[in-house]
Each structure stands twice: as C-alpha cells, then as structure tokens.
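A short worksheet on the structure shown next.
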Amino acid sequence: MIWNTAKLGDVCFIQSGNSIAAKKKTELFTNVVGTPYIATKDVDFNGSINYKNGIYIPQEYVNSFKISQSGSTLVCAEGGSAGRKIAFSMNDCCFGNKLFSITPNNSLDAKYIYYYTLNEEFQSQFKAALHGLIGGVSLKKIKEFTISIPPLAEQQRIVTKLDTAFAEIDEAINIIEAKKIKELKKLKSAILNQELQSREDA
C-alpha cells in the first residue's frame with residue numbers, strides 16, 4: 001500500500017480566525033442569536049468544544065468573520081496550549097485569531113486530519129516551528145508541514161479503528177471517575193459521621 005507525502009497546505013484549506021474587542025463582544029455578540037464564536041478557552045484539552053459559551057455572531061455580521069466548516073479541525077496556534085488544544089468541530093463556527101481551522105479537500109477523510117494533528121508526525125513539526133516569547137506557529141509555517149497520506153479507504157479504516165478505541169478508553173475513564181467520586185462521597189460521609197460521633201461522645 002502506497003502512502004504519499006504532501007504539504008498540509010496543499011491538501012487542506014488552513015486559516016486563522018478573527019479577534020473581537022472586549023467592548024464590542026459585550027455589546028454586539030453576547031447572548032444573541034447567531035453562529036457560535038469559538039475562542040481558545042472554548043477548546044478543551046480532551047478535544048471537546050463549548051459551542052454554548054454565550055458568544056454568537058448574528059447574521060448581519062457573519063460576513064466579517066472567518067467560518068470554520070463542520071468537519072474541520074481546530075488547533076490552538078499560540079500560548080501555553082499551542083498544539084495541545086485540538087478538537088474536531090461538528091458544527092460551522094466563527095473562531096478566534098489564536099486558532100487554526102484545518103479543512104481537508106475531498107481526497108481526505110475529515111477525521112483523518114484530526115487524528116493526524118494528534119500524531120507525533122504533526123506534533124514534532126509543530127514544536128519545531130514554535131517561535132516568539134509566547135510560543136506560537138505562523139499560518140505560513142503550518143501550511144508547510146508534511147503529512148503522510150494513505151489511500152482514502154485506508155484513512156477510513158484508521159479513523160473507524162481509532163474512533164472505536166478512543167470511545168472505549170473514554171468510557172473506561174468515565175467509569176473510573178464515577179467510582180472515584182463514589183468513593184470520595186463515602187469518605188466525606190465517613191468523616192462527617194466520625195466527627196459528629198466524636199462530638200456526641202465528648
């Protein structure tokens with residue numbers, strides 16, 4: 001099976017988003033009806049996106065903003081979470097200037113790009129490209145990153161396998177966390193009972 005190598009910018013549409021002044025955000029874009037606006041803080045380290053953060057771009061302003069299409073991958077571009085906050089977006093959204101939106105062309109499975117950005121091949125290039133005091137990667141540099149691309153059918157097989165494996169791992173994590181919460185509640189109850197009992201005996 002032949003895997004090809006390409007520049008990321010040749011097989012994906014990559015863009016950075018728009019910043020919004022704090023005053024303008026409060027006056028025009030808070031708790032209104034419109035397209036969700038995603039900032040770096042709305043992307044979690046676990047790959048989730050908070051679309052209900054209270055910031056939306058009404059239809060009359062949306063043409064002034066970049067749109068990240070559903071099926072794109074959002075990557076934090078600078079700061080302490082650069083290259084570490086990465087999420088697969090299930091909705092069209094406007095997005096901040098410290099995020100990259102990576103949208104693949106028709107030769108790629110959209111989710112394959114997401115898993116690629118989590119992979120060592122992407123991560124090592126990202127770390128090598130970091131620059132400046134804050135630490136960030138420029139739009140020009142990320143477009144030059146190389147990506148290994150298998151045939152589409154193999155991409156889809158990889159995505160299906162990883163989706164299944166990640167879902168099983170996440171479920172196991174939730175079970176462990178639920179058990180820990182239950183144990184902590186029991187511990188709190190035991191401490192409470194112990195304290196109250198000792199006061200009665202005092």
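Ordering of the structure tokens sets the chain letters (A, B, ...), residue numbers begin anew at 1 in every chain, and ligands are numbered from 1 in the order given.
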
Could I get the residues of segment 81-192 of chain A with an atom no further than 8 Å from an atom of segment 61-73 of chain A, each paired with its nearest atom pair and that distance in Å to one decimal, using only C-alpha atoms, sorted by chain and residue number, as a tab-separated table?
```
residue	atom	partner	partner_atom	distance
A:Ile86	CA	A:Thr73	CA	7.1
A:Ala87	CA	A:Thr73	CA	5.7
A:Phe88	CA	A:Thr73	CA	4.6
A:Ser89	CA	A:Ser72	CA	5.5
A:Met90	CA	A:Ser70	CA	4.9
A:Asn91	CA	A:Ser70	CA	4.4
A:Asp92	CA	A:Gln69	CA	4.5
A:Cys93	CA	A:Ser68	CA	5.3
A:Cys94	CA	A:Ile67	CA	4.7
A:Phe95	CA	A:Lys66	CA	6.9
A:Phe100	CA	A:Thr73	CA	7.9
A:Ser101	CA	A:Thr73	CA	5.7
A:Ile102	CA	A:Thr73	CA	5.1
A:Thr103	CA	A:Ser72	CA	4.6
A:Pro104	CA	A:Ser72	CA	7.3
A:Ala110	CA	A:Gly71	CA	5.7
A:Lys111	CA	A:Gly71	CA	7.2
A:Ile113	CA	A:Thr73	CA	7.1
A:Tyr114	CA	A:Thr73	CA	5.5
```

*DSSP-assigned strand (DSSP E) members of segment 7-201 of chain A, reported as number ranges by chain*: A: 7, 12-16, 35-38, 56-57, 67-68, 73-76, 86-88, 93-95, 99-104, 146-149

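In this structure, atom CA of Gly96 of chain A sits 4.8 Å away from atom CA of Asn18 of chain A.
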
*Counting only C-alpha atoms, what is within 10 Å of Gln156 of chain A, bar same-chain residues fewer than 3 positions away, as a ChimeraX atom specification?*
/A:108-112,150-153,159-162

*Where does DSSP see alpha helix (DSSP H) in segment 88-153 of chain A, if you list the residues as a ChimeraX atom specification?*
/A:110-118,120-129,139-143,152-153

*Work out how far apart atom CA of Ile149 of chain A and atom CA of Gly135 of chain A are and give it in Å to one decimal.*
28.2 Å

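Atom CA of Ser48 of chain A lies 22.1 Å from atom CA of Phe29 of chain A.
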
Would you mind listing what lies within 9 Å of segment 79-83 of chain A as a JSON list (two decimals) with N, CA and C atoms, in the first residue's frame, with only C-alpha atoms counted and same-chain residues fewer than 3 positions away left out?
```json
[["chain", "number", "residue", "atom", "x", "y", "z"],
["A", 40, "THR", "N", -9.95, 30.14, 22.09],
["A", 40, "THR", "CA", -9.07, 29.09, 22.60],
["A", 40, "THR", "C", -9.60, 28.48, 23.89],
["A", 45, "PHE", "N", -8.70, 20.44, 26.51],
["A", 45, "PHE", "CA", -7.58, 19.53, 26.25],
["A", 45, "PHE", "C", -8.06, 18.12, 25.91],
["A", 75, "VAL", "N", -7.05, 23.94, 15.90],
["A", 75, "VAL", "CA", -5.78, 23.77, 16.61],
["A", 75, "VAL", "C", -5.37, 25.09, 17.23],
["A", 76, "CYS", "N", -5.07, 25.08, 18.52],
["A", 76, "CYS", "CA", -4.57, 26.30, 19.18],
["A", 76, "CYS", "C", -3.22, 26.67, 18.59],
["A", 86, "ILE", "N", -6.66, 20.69, 20.74],
["A", 86, "ILE", "CA", -7.03, 20.31, 19.37],
["A", 86, "ILE", "C", -8.40, 19.66, 19.42],
["A", 98, "LYS", "N", -6.37, 33.10, 17.54],
["A", 98, "LYS", "CA", -5.32, 32.22, 18.07],
["A", 98, "LYS", "C", -5.61, 30.75, 17.79],
["A", 99, "LEU", "N", -6.54, 30.52, 16.87],
["A", 99, "LEU", "CA", -6.87, 29.17, 16.45],
["A", 99, "LEU", "C", -6.65, 29.01, 14.95],
["A", 117, "THR", "N", -3.28, 15.43, 13.50],
["A", 117, "THR", "CA", -2.78, 16.52, 14.34],
["A", 117, "THR", "C", -2.44, 16.05, 15.76],
["A", 118, "LEU", "N", -3.01, 14.93, 16.16],
["A", 118, "LEU", "CA", -2.69, 14.37, 17.48],
["A", 118, "LEU", "C", -1.44, 13.50, 17.42],
["A", 123, "GLN", "N", 2.89, 16.72, 15.71],
["A", 123, "GLN", "CA", 3.32, 17.35, 16.96],
["A", 123, "GLN", "C", 4.80, 17.73, 16.94],
["A", 126, "PHE", "N", 5.15, 20.77, 14.80],
["A", 126, "PHE", "CA", 4.58, 21.93, 15.48],
["A", 126, "PHE", "C", 5.56, 22.49, 16.51],
["A", 127, "LYS", "N", 6.14, 21.61, 17.32],
["A", 127, "LYS", "CA", 7.09, 22.04, 18.36],
["A", 127, "LYS", "C", 8.32, 22.70, 17.74],
["A", 130, "LEU", "N", 7.56, 26.36, 16.67],
["A", 130, "LEU", "CA", 7.21, 27.36, 17.68],
["A", 130, "LEU", "C", 8.24, 28.48, 17.72],
["A", 133, "LEU", "N", 8.20, 34.86, 22.18],
["A", 133, "LEU", "CA", 8.16, 34.75, 23.64],
["A", 133, "LEU", "C", 6.95, 33.95, 24.11],
["A", 134, "ILE", "N", 5.81, 34.18, 23.51],
["A", 134, "ILE", "CA", 4.59, 33.46, 23.89],
["A", 134, "ILE", "C", 4.64, 32.02, 23.41],
["A", 135, "GLY", "N", 5.27, 31.82, 22.26],
["A", 135, "GLY", "CA", 5.33, 30.50, 21.66],
["A", 135, "GLY", "C", 4.15, 30.28, 20.76],
["A", 136, "GLY", "N", 4.38, 30.37, 19.45],
["A", 136, "GLY", "CA", 3.30, 30.19, 18.50],
["A", 136, "GLY", "C", 3.82, 29.72, 17.17],
["A", 137, "VAL", "N", 2.91, 29.27, 16.33],
["A", 137, "VAL", "CA", 3.25, 28.82, 14.98],
["A", 137, "VAL", "C", 2.49, 29.71, 14.00]]
```

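For the choices A:Ile49, A:Ile191, A:Ala129, A:Ala77, the atom-to-atom distance to Gly17 of chain A is smallest for A:Ala77 when using only C-alpha atoms.
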